[in-house]
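Peer 1: I have a structure here, written as structure tokens, and I will follow up with some questions on it.
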2 protein chains.
Amino acid sequence: MKIGVVGLGSMGYGIAASLLRAGHAVCGADVNPDAVARLRGAGAVPEDMAEAAAGLDALAIVVLNASQVEAVLFGPQGLAPLLSKGAVVICCVTVAPDFSRAMAARCDALGLHYLDAPISGGSVKAATGKLAIMASGTPAAFAAARPMLEACAEKVFALGDAAGAGSAMKAVNQMLAGIHIAAMAEAVTFGMTQGIPPETFLQVIPDCAGTSWMLENRAPHIVAGDYTPHSAVDIWPKDLGIVLDAARAARFAAPLTAAALQQFIAASGSGLGRQDDAAVAKVYARNAGLTLPGDA
Amino acid sequence: MKIGVVGLGSMGYGIAASLLRAGHAVCGADVNPDAVARLRGAGAVPEDMAEAAAGLDALAIVVLNASQVEAVLFGPQGLAPLLSKGAVVICCVTVAPDFSRAMAARCDALGLHYLDAPISGGSVKAATGKLAIMASGTPAAFAAARPMLEACAEKVFALGDAAGAGSAMKAVNQMLAGIHIAAMAEAVTFGMTQGIPPETFLQVIPDCAGTSWMLENRAPHIVAGDYTPHSAVDIWPKDLGIVLDAARAARFAAPLTAAALQQFIAASGSGLGRQDDAAVAKVYARNAGLTLPGDA
């Protein structure tokens with residue numbers, strides 16, 4: 001298989017590296033030329049994506065948001081018209097279910113398959129080919145995407161034969177993940193007001209009913225005072241915004257999601273947008289006059 | 001050891017049964033005479049607690065709330081004045097840290113030890129002697145309580161040498177647990193608006209970053225449409241109330257906890273207080289015109 005990967009951030013680079021390891025020919029593209037050069041050093045073909053497009057069996061898109069997906073496929077230098085009929089577009093980006101359906105329809109009109117395939121698991125699982133992929137699309141799209149899925153995912157959830165269902169499940173997952181990060185931050189800092197140091201919190205809560213995947217993954221960043229971004233604060237205004245837009249359109253009231261979003265917006269607005277998302281704890285700490293580990 | 005257990009609900013009965021299994025002499029008391037009779041059938045001594053009190057080495061309190069704890073120890077038929085000096089009171093109830101400190105001081109004045117020892121893990125772990133206990137108290141209180149802790153707990157977190165710290169950690173745990181139950185309910189029902197059946201939610205999310213201990217424990221109740229109370233809705237207005245009272249006193253803003261509390265209050269106010277706490281999903285479903293599994 002010859003597979004293009006557009007977007008070589010921590011997730012996209014991991015996917016491209018997993019595809020190389022599985023023996024596929026890989027072409028990478030990114031606005032950052034260093035990322036492209038690094039991938040070529042790891043074995044990717046030295047072609048520009050526009051030149052390579054007609055020869056691709058699959059194009060994986062791992063950019064930041066919906067407007068970038070639309071630009072990659074249908075912008076002035078869009079790749080969709082350059083792909084050969086029967087190629088599959090695999091969109092790994094967290095987008096609204098309606099957007100996913102629209103992209104699938106436009107690809108279908110060009111004779112392209114489209115797999116709605118948002119990913120979960122973080123950069124470490126991306127690098128090791130152990131992502132969870134929440135996928136939906138036609139049986140033909142699944143068949144065309146199978147080599148990519150097998151190289152990159154530990155679990156592939158097949159959620160139906162139409163684009164949109166994968167993005168809907170990703171929205172549900174992000175709703176929970178965002179709430180759980182903010183809840184962890186709320187609980188760590190509340191504990192500090194009650195005389196519980198963050199390291200004691202981390203020793204106890206993972207063994208109790210109050211734990212979550214996100215808590216166990218992110219609370220260590222607070223204890224270490226290390227906000228190197230594994231996943232940045234600014235992801236959450238975007239992802240929880242997608243969730244709440246879809247919820248409002250369905251006339252669904254989501255008060256915990258709304259409260260969590262406000263905390264991430266406050267974190268972003270106070271200059272923490274590019275820090276690790278555990279930095280939402282700094283909003284709570286500042287509001288309560290607390291000093292987190294690593295703070296002066 | 002001779003140990004009294006006051007409060008023979010699902011948690012207290014499990015503790016009493018674990019103590020019997022460990023070979024201790026156990027005396028049980030409850031407002032429900034059937035629970036006392038059942039425990040005697042399992043081997044407990046056939047004494048009234050007031051008669052037994054002077055001979056007890058330890059008194060474990062597993063009632064519902066702070067006012068019941070105060071009544072058990074210092075009410076008109078309070079047991080504290082009847083216990084022998086050097087006995088230990090082990091309070092397993094979720095109460096405010098300040099209340100715990102007050103009870104410890106009053107017990108100390110009578111020559112009694114006091115262990116602030118809230119429990120976590122649910123009725124199954126109580127029955128099998130595998131609770132997590134978040135304990136604080138003097139070294140003498142820990143030493144006196146050790147046989148009870150060993151019989152009932154898989155994990156004992158020693159959180160300091162003064163009452164209050166155990167209750168503070170329990171408050172932190174309950175804050176997270178309550179938010180996570182409401183978040184699970186919010187996400188299951190939001191997913192339904194996006195075409196995701198609850199059973200599909202349950203197949204996917206436990207393998208993704210959005211999972212939590214509470215989600216994995218409670219979402220199956222929604223999928224099954226079974227609201228037999230393992231832990232009732234009405235626990236949460238109490239426990240999150242304790243959390244938010246302590247937070248307000250510390251001038252700590254806890255917006256996710258506040259939002260979760262409102263959902264549990266709405267569940268209780270709409271007549272669901274005695275159902276399993278997963279029934280908070282019914283508030284979301286009703287507000288969005290959704291039909292949950294098991295509903296007509």
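By convention in this document, the chains of the structure tokens carry letters A, B, ... by their order, each chain's residues are numbered from 1, and ligands are numbered from 1 in the order they are shown.
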I'd like to know which residues of stretch 3-185 of chain B are strand (DSSP E) (by DSSP, run on the backbone); could you write them as a PyMOL selection string?
Peer 2: chain B and resi 3-6+25-29+58-61+88-91+113-116+119-120+131-135+153-158
Peer 1: Within 8 Å of chain B, which residues of chain A show up when using only C-alpha atoms, listed as a PyMOL selection string?
Peer 2: chain A and resi 120-121+132+157+165+168-169+172-177+179-180+182-184+186-188+190-191+193-196+201+204-205+207-214+247+250-257+259-260+284+287-288
Peer 1: Can I get the selection written as a compact mmCIF listing (two decimals), in the first residue's frame, with N, CA and C atoms?
Peer 2:
# COMPACT_ATOMS: atom_id res chain seq x y z
N SER A 120 -8.23 7.67 19.49
CA SER A 120 -8.12 7.91 20.93
C SER A 120 -6.93 7.14 21.46
N GLY A 121 -6.25 7.72 22.44
CA GLY A 121 -5.16 6.98 23.06
C GLY A 121 -3.91 7.78 23.36
N ALA A 132 -6.91 3.42 19.69
CA ALA A 132 -8.30 2.99 19.51
C ALA A 132 -8.88 3.88 18.42
N PHE A 157 -13.25 0.10 16.53
CA PHE A 157 -14.68 -0.05 16.78
C PHE A 157 -15.42 0.27 15.49
N ALA A 165 -21.07 8.37 12.53
CA ALA A 165 -21.17 7.59 13.77
C ALA A 165 -19.83 7.56 14.51
N ALA A 168 -19.48 10.82 16.18
CA ALA A 168 -20.41 10.93 17.31
C ALA A 168 -19.83 10.23 18.54
N MET A 169 -19.27 9.03 18.34
CA MET A 169 -18.68 8.33 19.48
C MET A 169 -17.46 9.07 20.01
N VAL A 172 -18.66 11.77 22.25
CA VAL A 172 -19.03 11.23 23.56
C VAL A 172 -17.78 10.99 24.40
N ASN A 173 -16.76 10.41 23.79
CA ASN A 173 -15.52 10.16 24.53
C ASN A 173 -14.86 11.46 24.98
N GLN A 174 -14.85 12.46 24.10
CA GLN A 174 -14.22 13.73 24.47
C GLN A 174 -15.00 14.45 25.56
N MET A 175 -16.33 14.34 25.50
CA MET A 175 -17.16 14.90 26.58
C MET A 175 -16.69 14.36 27.92
N LEU A 176 -16.56 13.04 28.00
CA LEU A 176 -16.15 12.40 29.25
C LEU A 176 -14.71 12.77 29.60
N ALA A 177 -13.82 12.70 28.64
CA ALA A 177 -12.41 12.96 28.91
C ALA A 177 -12.20 14.39 29.41
N ILE A 179 -14.46 16.40 30.86
CA ILE A 179 -15.03 16.52 32.21
C ILE A 179 -14.07 15.89 33.23
N HIS A 180 -13.54 14.72 32.89
CA HIS A 180 -12.69 14.02 33.87
C HIS A 180 -11.39 14.77 34.16
N ALA A 182 -11.02 18.10 34.03
CA ALA A 182 -11.40 19.23 34.88
C ALA A 182 -11.78 18.76 36.28
N ALA A 183 -12.47 17.62 36.37
CA ALA A 183 -12.84 17.08 37.68
C ALA A 183 -11.60 16.71 38.49
N MET A 184 -10.62 16.12 37.83
CA MET A 184 -9.36 15.79 38.51
C MET A 184 -8.72 17.06 39.07
N GLU A 186 -10.22 19.89 39.74
CA GLU A 186 -11.07 20.41 40.82
C GLU A 186 -10.82 19.64 42.12
N ALA A 187 -10.67 18.33 42.01
CA ALA A 187 -10.51 17.50 43.21
C ALA A 187 -9.11 17.63 43.83
N VAL A 188 -8.08 17.70 42.99
CA VAL A 188 -6.72 17.86 43.53
C VAL A 188 -6.63 19.17 44.33
N PHE A 190 -9.19 21.10 45.49
CA PHE A 190 -10.06 21.06 46.67
C PHE A 190 -9.36 20.30 47.79
N GLY A 191 -8.74 19.19 47.46
CA GLY A 191 -8.01 18.43 48.47
C GLY A 191 -6.95 19.26 49.16
N THR A 193 -7.06 22.38 49.78
CA THR A 193 -7.71 23.26 50.78
C THR A 193 -8.04 22.49 52.05
N GLN A 194 -8.11 21.15 51.95
CA GLN A 194 -8.44 20.31 53.10
C GLN A 194 -7.19 19.66 53.69
N GLY A 195 -6.02 20.14 53.29
CA GLY A 195 -4.79 19.63 53.88
C GLY A 195 -4.22 18.40 53.21
N ILE A 196 -4.72 18.05 52.02
CA ILE A 196 -4.23 16.86 51.32
C ILE A 196 -3.25 17.29 50.21
N PHE A 201 -2.98 12.66 47.32
CA PHE A 201 -4.13 12.43 46.42
C PHE A 201 -3.80 11.33 45.42
N VAL A 204 -3.63 7.77 46.78
CA VAL A 204 -4.85 7.16 47.30
C VAL A 204 -5.93 6.96 46.23
N ILE A 205 -6.26 8.03 45.51
CA ILE A 205 -7.46 8.01 44.68
C ILE A 205 -7.44 6.95 43.57
N ASP A 207 -6.71 4.02 43.72
CA ASP A 207 -7.20 2.77 44.30
C ASP A 207 -8.64 2.86 44.79
N CYS A 208 -9.28 4.00 44.53
CA CYS A 208 -10.64 4.20 45.07
C CYS A 208 -11.63 4.40 43.93
N ALA A 209 -12.90 4.44 44.30
CA ALA A 209 -13.97 4.52 43.29
C ALA A 209 -13.97 5.84 42.55
N GLY A 210 -13.22 6.84 43.03
CA GLY A 210 -13.21 8.13 42.37
C GLY A 210 -12.23 8.24 41.21
N THR A 211 -11.63 7.15 40.82
CA THR A 211 -10.59 7.27 39.80
C THR A 211 -11.16 7.28 38.38
N SER A 212 -10.34 7.74 37.46
CA SER A 212 -10.68 7.72 36.03
C SER A 212 -9.39 7.53 35.23
N TRP A 213 -9.55 7.14 33.97
CA TRP A 213 -8.38 7.00 33.09
C TRP A 213 -7.63 8.33 33.01
N MET A 214 -8.35 9.41 32.83
CA MET A 214 -7.71 10.72 32.70
C MET A 214 -7.02 11.14 33.99
N ALA A 247 -24.88 19.05 20.99
CA ALA A 247 -25.89 18.89 22.05
C ALA A 247 -27.00 19.94 21.90
N ALA A 250 -29.36 19.22 19.23
CA ALA A 250 -30.28 18.14 19.59
C ALA A 250 -31.15 18.53 20.78
N ARG A 251 -31.08 19.78 21.19
CA ARG A 251 -31.79 20.28 22.39
C ARG A 251 -31.51 19.38 23.60
N PHE A 252 -30.22 19.13 23.81
CA PHE A 252 -29.76 18.30 24.92
C PHE A 252 -28.98 19.18 25.89
N ALA A 253 -29.43 19.26 27.14
CA ALA A 253 -28.76 20.07 28.16
C ALA A 253 -27.63 19.29 28.80
N ALA A 254 -26.42 19.85 28.77
CA ALA A 254 -25.22 19.15 29.23
C ALA A 254 -24.47 20.00 30.26
N PRO A 255 -25.00 20.09 31.47
CA PRO A 255 -24.44 21.06 32.42
C PRO A 255 -23.00 20.77 32.85
N LEU A 256 -22.61 19.51 33.00
CA LEU A 256 -21.23 19.24 33.42
C LEU A 256 -20.25 19.59 32.30
N THR A 257 -20.62 19.25 31.07
CA THR A 257 -19.76 19.61 29.93
C THR A 257 -19.60 21.12 29.84
N ALA A 259 -19.81 23.30 32.26
CA ALA A 259 -18.96 23.78 33.36
C ALA A 259 -17.49 23.47 33.06
N ALA A 260 -17.22 22.28 32.53
CA ALA A 260 -15.83 21.93 32.21
C ALA A 260 -15.28 22.85 31.12
N TYR A 284 -8.06 26.70 38.98
CA TYR A 284 -8.59 26.43 40.31
C TYR A 284 -7.66 26.96 41.39
N ASN A 287 -7.77 30.71 41.65
CA ASN A 287 -9.03 31.18 42.23
C ASN A 287 -9.11 30.95 43.73
N ALA A 288 -8.30 30.03 44.23
CA ALA A 288 -8.37 29.71 45.66
C ALA A 288 -7.10 30.10 46.41
Peer 1: Atom CA of B:Asp245 to atom CA of B:Phe99: how many Å, to one decimal?
Peer 2: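 Interatomic distance, atom CA of B:Asp245 to atom CA of B:Phe99: 12.0 Å.
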Peer 1: Residues within 7 Å of stretch 86-89 of chain A, please, as a list in words. Count only C-alpha atoms; anything in the same chain fewer than 5 positions from it doesn't count.
Peer 2: Leu56, Asp57, Ala58, Leu59, Ala60, Gly111, Leu112, His113, Tyr114, Leu115, Ala141, Ala144 and Ala145 of chain A
Peer 1: So which residues touch B:Lys125 within 10 Å, counting only C-alpha atoms, skipping near sequence neighbours fewer than 5 positions away, as a ChimeraX atom specification?
Peer 2: /B:11,14-15,120,130-132,152-154
Peer 1: Can you list, as a PyMOL selection string, every protein, DNA or RNA residue that comes within 9 Å of B:His230 when you count only C-alpha atoms, leaving out same-chain residues fewer than 4 positions away?
Peer 2: chain B and resi 10+122-123+275-277
Peer 1: Give me the residues near stretch 32-48 of chain A as a short mmCIF file (atom, residue, chain, number, x, y, z; two decimals) with N, CA and C atoms, in the first residue's frame, where near means some atom within 12 Å (using only C-alpha atoms) and where sequence neighbours in that chain fewer than 2 positions away do not count.
Peer 2:
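Dumped everything to out.cif:
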data_model
loop_
_atom_site.label_atom_id
_atom_site.label_comp_id
_atom_site.auth_asym_id
_atom_site.auth_seq_id
_atom_site.Cartn_x
_atom_site.Cartn_y
_atom_site.Cartn_z
N LYS A 2 0.41 2.28 -0.68
CA LYS A 2 1.05 3.58 -0.59
C LYS A 2 0.05 4.52 0.10
N ILE A 3 0.49 5.08 1.21
CA ILE A 3 -0.41 5.83 2.06
C ILE A 3 0.16 7.21 2.32
N GLY A 4 -0.66 8.24 2.13
CA GLY A 4 -0.28 9.59 2.50
C GLY A 4 -0.77 9.91 3.90
N VAL A 5 0.03 10.68 4.64
CA VAL A 5 -0.38 11.15 5.97
C VAL A 5 -0.22 12.66 5.99
N VAL A 6 -1.31 13.37 6.12
CA VAL A 6 -1.27 14.82 6.21
C VAL A 6 -1.47 15.23 7.66
N GLY A 7 -0.48 15.95 8.18
CA GLY A 7 -0.51 16.33 9.59
C GLY A 7 0.44 15.43 10.35
N LEU A 8 1.63 15.95 10.66
CA LEU A 8 2.65 15.13 11.32
C LEU A 8 2.96 15.66 12.73
N GLY A 9 1.91 16.04 13.44
CA GLY A 9 2.07 16.33 14.87
C GLY A 9 2.29 15.02 15.62
N SER A 10 2.11 15.05 16.93
CA SER A 10 2.46 13.86 17.71
C SER A 10 1.60 12.66 17.30
N GLY A 12 -0.17 12.30 14.22
CA GLY A 12 0.06 11.96 12.82
C GLY A 12 1.42 11.34 12.60
N TYR A 13 2.44 11.85 13.28
CA TYR A 13 3.77 11.27 13.11
C TYR A 13 3.79 9.82 13.59
N GLY A 14 3.12 9.58 14.71
CA GLY A 14 3.05 8.20 15.22
C GLY A 14 2.35 7.27 14.25
N ILE A 15 1.27 7.77 13.64
CA ILE A 15 0.56 6.95 12.64
C ILE A 15 1.47 6.68 11.44
N ALA A 16 2.15 7.71 10.95
CA ALA A 16 3.05 7.52 9.80
C ALA A 16 4.16 6.53 10.14
N ALA A 17 4.73 6.65 11.33
CA ALA A 17 5.81 5.74 11.74
C ALA A 17 5.29 4.31 11.86
N SER A 18 4.07 4.14 12.35
CA SER A 18 3.48 2.80 12.45
C SER A 18 3.27 2.19 11.07
N LEU A 19 2.86 3.04 10.10
CA LEU A 19 2.66 2.56 8.73
C LEU A 19 3.99 2.13 8.11
N LEU A 20 5.05 2.92 8.36
CA LEU A 20 6.38 2.54 7.86
C LEU A 20 6.82 1.20 8.46
N ARG A 21 6.64 1.05 9.75
CA ARG A 21 7.02 -0.20 10.42
C ARG A 21 6.30 -1.40 9.83
N ALA A 22 5.04 -1.17 9.40
CA ALA A 22 4.25 -2.27 8.84
C ALA A 22 4.61 -2.54 7.38
N GLY A 23 5.56 -1.77 6.82
CA GLY A 23 6.05 -2.06 5.47
C GLY A 23 5.37 -1.30 4.35
N HIS A 24 4.54 -0.34 4.71
CA HIS A 24 3.87 0.45 3.66
C HIS A 24 4.78 1.56 3.15
N ALA A 25 4.55 1.98 1.89
CA ALA A 25 5.18 3.19 1.38
C ALA A 25 4.39 4.39 1.92
N VAL A 26 5.09 5.33 2.53
CA VAL A 26 4.42 6.43 3.21
C VAL A 26 4.94 7.75 2.66
N CYS A 27 3.99 8.66 2.39
CA CYS A 27 4.33 10.03 2.01
C CYS A 27 3.74 10.95 3.07
N GLY A 28 4.55 11.84 3.62
CA GLY A 28 4.07 12.71 4.69
C GLY A 28 4.01 14.17 4.27
N ALA A 29 3.08 14.90 4.86
CA ALA A 29 2.99 16.34 4.61
C ALA A 29 2.62 17.06 5.90
N ASP A 30 3.22 18.24 6.07
CA ASP A 30 2.92 19.04 7.25
C ASP A 30 3.32 20.47 6.95
N ALA A 50 1.20 16.46 -3.32
CA ALA A 50 0.41 16.69 -4.54
C ALA A 50 0.91 15.83 -5.69
N GLU A 51 2.24 15.64 -5.76
CA GLU A 51 2.80 14.76 -6.81
C GLU A 51 2.43 13.30 -6.55
N ALA A 52 2.43 12.93 -5.26
CA ALA A 52 2.20 11.52 -4.91
C ALA A 52 0.72 11.15 -4.98
N ALA A 53 -0.17 12.14 -4.91
CA ALA A 53 -1.60 11.88 -4.66
C ALA A 53 -2.21 10.84 -5.59
N ALA A 54 -1.93 10.95 -6.90
CA ALA A 54 -2.58 10.05 -7.85
C ALA A 54 -2.20 8.59 -7.61
N GLY A 55 -1.05 8.36 -6.96
CA GLY A 55 -0.60 6.99 -6.72
C GLY A 55 -0.95 6.45 -5.34
N LEU A 56 -1.68 7.21 -4.55
CA LEU A 56 -1.99 6.77 -3.17
C LEU A 56 -3.18 5.82 -3.14
N LEU A 79 -6.38 18.05 -2.04
CA LEU A 79 -5.90 16.77 -2.58
C LEU A 79 -7.01 15.90 -3.15
#
Peer 1: Based on DSSP run over this structure's backbone, return all residues of stretch 77-240 of chain A in alpha helix (DSSP H), as a ChimeraX atom specification.
Peer 2: /A:97-109,122-127,139-152,165-193,198-204,213-224,235-240
Peer 1: Using C-alpha atoms, can you export the residues from the last selection as a PDB file, in the first residue's frame?
Peer 2:
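And here is the file that came out, again_0.pdb:
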ATOM      1  CA  PRO A  97     -20.702  14.327  12.986  1.00  0.00           C
ATOM      2  CA  ASP A  98     -22.469  16.607  10.466  1.00  0.00           C
ATOM      3  CA  PHE A  99     -19.124  17.788   9.069  1.00  0.00           C
ATOM      4  CA  SER A 100     -18.009  14.187   8.691  1.00  0.00           C
ATOM      5  CA  ARG A 101     -21.170  13.336   6.740  1.00  0.00           C
ATOM      6  CA  ALA A 102     -20.603  16.347   4.475  1.00  0.00           C
ATOM      7  CA  MET A 103     -16.993  15.378   3.725  1.00  0.00           C
ATOM      8  CA  ALA A 104     -18.043  11.790   2.980  1.00  0.00           C
ATOM      9  CA  ALA A 105     -20.665  12.999   0.495  1.00  0.00           C
ATOM     10  CA  ARG A 106     -18.188  15.245  -1.313  1.00  0.00           C
ATOM     11  CA  CYS A 107     -15.604  12.444  -1.490  1.00  0.00           C
ATOM     12  CA  ASP A 108     -18.245  10.021  -2.741  1.00  0.00           C
ATOM     13  CA  ALA A 109     -19.060  12.449  -5.571  1.00  0.00           C
ATOM     14  CA  GLY A 122      -2.588   9.752  23.021  1.00  0.00           C
ATOM     15  CA  SER A 123       0.816  10.155  21.431  1.00  0.00           C
ATOM     16  CA  VAL A 124       2.436   7.104  23.051  1.00  0.00           C
ATOM     17  CA  LYS A 125      -0.204   4.748  21.669  1.00  0.00           C
ATOM     18  CA  ALA A 126      -0.016   6.512  18.293  1.00  0.00           C
ATOM     19  CA  ALA A 127       3.735   5.906  18.157  1.00  0.00           C
ATOM     20  CA  PRO A 139     -17.990  -1.707   3.840  1.00  0.00           C
ATOM     21  CA  ALA A 140     -15.867  -0.660   0.834  1.00  0.00           C
ATOM     22  CA  ALA A 141     -14.304   2.167   2.868  1.00  0.00           C
ATOM     23  CA  PHE A 142     -13.512  -0.221   5.709  1.00  0.00           C
ATOM     24  CA  ALA A 143     -11.990  -2.728   3.274  1.00  0.00           C
ATOM     25  CA  ALA A 144      -9.823  -0.099   1.615  1.00  0.00           C
ATOM     26  CA  ALA A 145      -8.672   1.260   4.987  1.00  0.00           C
ATOM     27  CA  ARG A 146      -7.963  -2.102   6.591  1.00  0.00           C
ATOM     28  CA  PRO A 147      -4.148  -2.125   6.114  1.00  0.00           C
ATOM     29  CA  MET A 148      -3.905   1.317   7.714  1.00  0.00           C
ATOM     30  CA  LEU A 149      -6.192   0.303  10.604  1.00  0.00           C
ATOM     31  CA  GLU A 150      -4.221  -2.878  11.218  1.00  0.00           C
ATOM     32  CA  ALA A 151      -0.916  -0.998  11.327  1.00  0.00           C
ATOM     33  CA  CYS A 152      -2.090   1.780  13.645  1.00  0.00           C
ATOM     34  CA  ALA A 165     -21.166   7.591  13.772  1.00  0.00           C
ATOM     35  CA  GLY A 166     -17.419   7.500  14.421  1.00  0.00           C
ATOM     36  CA  SER A 167     -17.350  11.215  15.068  1.00  0.00           C
ATOM     37  CA  ALA A 168     -20.411  10.929  17.311  1.00  0.00           C
ATOM     38  CA  MET A 169     -18.680   8.326  19.482  1.00  0.00           C
ATOM     39  CA  LYS A 170     -15.531  10.442  19.581  1.00  0.00           C
ATOM     40  CA  ALA A 171     -17.637  13.387  20.754  1.00  0.00           C
ATOM     41  CA  VAL A 172     -19.030  11.231  23.564  1.00  0.00           C
ATOM     42  CA  ASN A 173     -15.516  10.160  24.526  1.00  0.00           C
ATOM     43  CA  GLN A 174     -14.220  13.735  24.468  1.00  0.00           C
ATOM     44  CA  MET A 175     -17.155  14.900  26.575  1.00  0.00           C
ATOM     45  CA  LEU A 176     -16.147  12.404  29.247  1.00  0.00           C
ATOM     46  CA  ALA A 177     -12.405  12.960  28.911  1.00  0.00           C
ATOM     47  CA  GLY A 178     -12.743  16.736  29.183  1.00  0.00           C
ATOM     48  CA  ILE A 179     -15.025  16.519  32.214  1.00  0.00           C
ATOM     49  CA  HIS A 180     -12.693  14.020  33.871  1.00  0.00           C
ATOM     50  CA  ILE A 181      -9.606  16.223  33.415  1.00  0.00           C
ATOM     51  CA  ALA A 182     -11.401  19.231  34.878  1.00  0.00           C
ATOM     52  CA  ALA A 183     -12.839  17.076  37.679  1.00  0.00           C
ATOM     53  CA  MET A 184      -9.359  15.790  38.510  1.00  0.00           C
ATOM     54  CA  ALA A 185      -8.092  19.372  38.679  1.00  0.00           C
ATOM     55  CA  GLU A 186     -11.067  20.410  40.820  1.00  0.00           C
ATOM     56  CA  ALA A 187     -10.505  17.500  43.212  1.00  0.00           C
ATOM     57  CA  VAL A 188      -6.720  17.864  43.529  1.00  0.00           C
ATOM     58  CA  THR A 189      -7.029  21.535  44.401  1.00  0.00           C
ATOM     59  CA  PHE A 190     -10.063  21.056  46.668  1.00  0.00           C
ATOM     60  CA  GLY A 191      -8.015  18.426  48.469  1.00  0.00           C
ATOM     61  CA  MET A 192      -5.243  20.970  48.992  1.00  0.00           C
ATOM     62  CA  THR A 193      -7.707  23.256  50.785  1.00  0.00           C
ATOM     63  CA  PRO A 198      -1.320  16.426  45.549  1.00  0.00           C
ATOM     64  CA  GLU A 199       1.112  13.521  45.969  1.00  0.00           C
ATOM     65  CA  THR A 200      -1.100  12.001  48.695  1.00  0.00           C
ATOM     66  CA  PHE A 201      -4.129  12.435  46.425  1.00  0.00           C
ATOM     67  CA  LEU A 202      -2.255  10.508  43.733  1.00  0.00           C
ATOM     68  CA  GLN A 203      -1.276   7.747  46.158  1.00  0.00           C
ATOM     69  CA  VAL A 204      -4.855   7.155  47.301  1.00  0.00           C
ATOM     70  CA  TRP A 213      -8.382   7.005  33.088  1.00  0.00           C
ATOM     71  CA  MET A 214      -7.712  10.721  32.696  1.00  0.00           C
ATOM     72  CA  LEU A 215      -7.035  11.192  36.400  1.00  0.00           C
ATOM     73  CA  GLU A 216      -4.390   8.472  36.390  1.00  0.00           C
ATOM     74  CA  ASN A 217      -2.868   9.894  33.203  1.00  0.00           C
ATOM     75  CA  ARG A 218      -2.899  13.615  34.059  1.00  0.00           C
ATOM     76  CA  ALA A 219      -2.668  13.966  37.865  1.00  0.00           C
ATOM     77  CA  PRO A 220       1.037  12.939  37.752  1.00  0.00           C
ATOM     78  CA  HIS A 221       1.716  16.058  35.657  1.00  0.00           C
ATOM     79  CA  ILE A 222       0.367  18.218  38.483  1.00  0.00           C
ATOM     80  CA  VAL A 223       2.336  16.344  41.152  1.00  0.00           C
ATOM     81  CA  ALA A 224       5.496  16.757  39.051  1.00  0.00           C
ATOM     82  CA  ILE A 235      -7.774  21.172  22.434  1.00  0.00           C
ATOM     83  CA  TRP A 236     -10.650  21.362  24.887  1.00  0.00           C
ATOM     84  CA  PRO A 237     -12.368  24.615  23.912  1.00  0.00           C
ATOM     85  CA  LYS A 238     -12.441  23.094  20.412  1.00  0.00           C
ATOM     86  CA  ASP A 239     -13.559  19.555  21.310  1.00  0.00           C
ATOM     87  CA  LEU A 240     -16.050  20.483  24.029  1.00  0.00           C
TER      88      LEU A 240
END
Peer 1: Just how far from atom CA of A:Ala80 is atom CA of A:Ala66, in Å to one decimal?
Peer 2: 15.1 Å
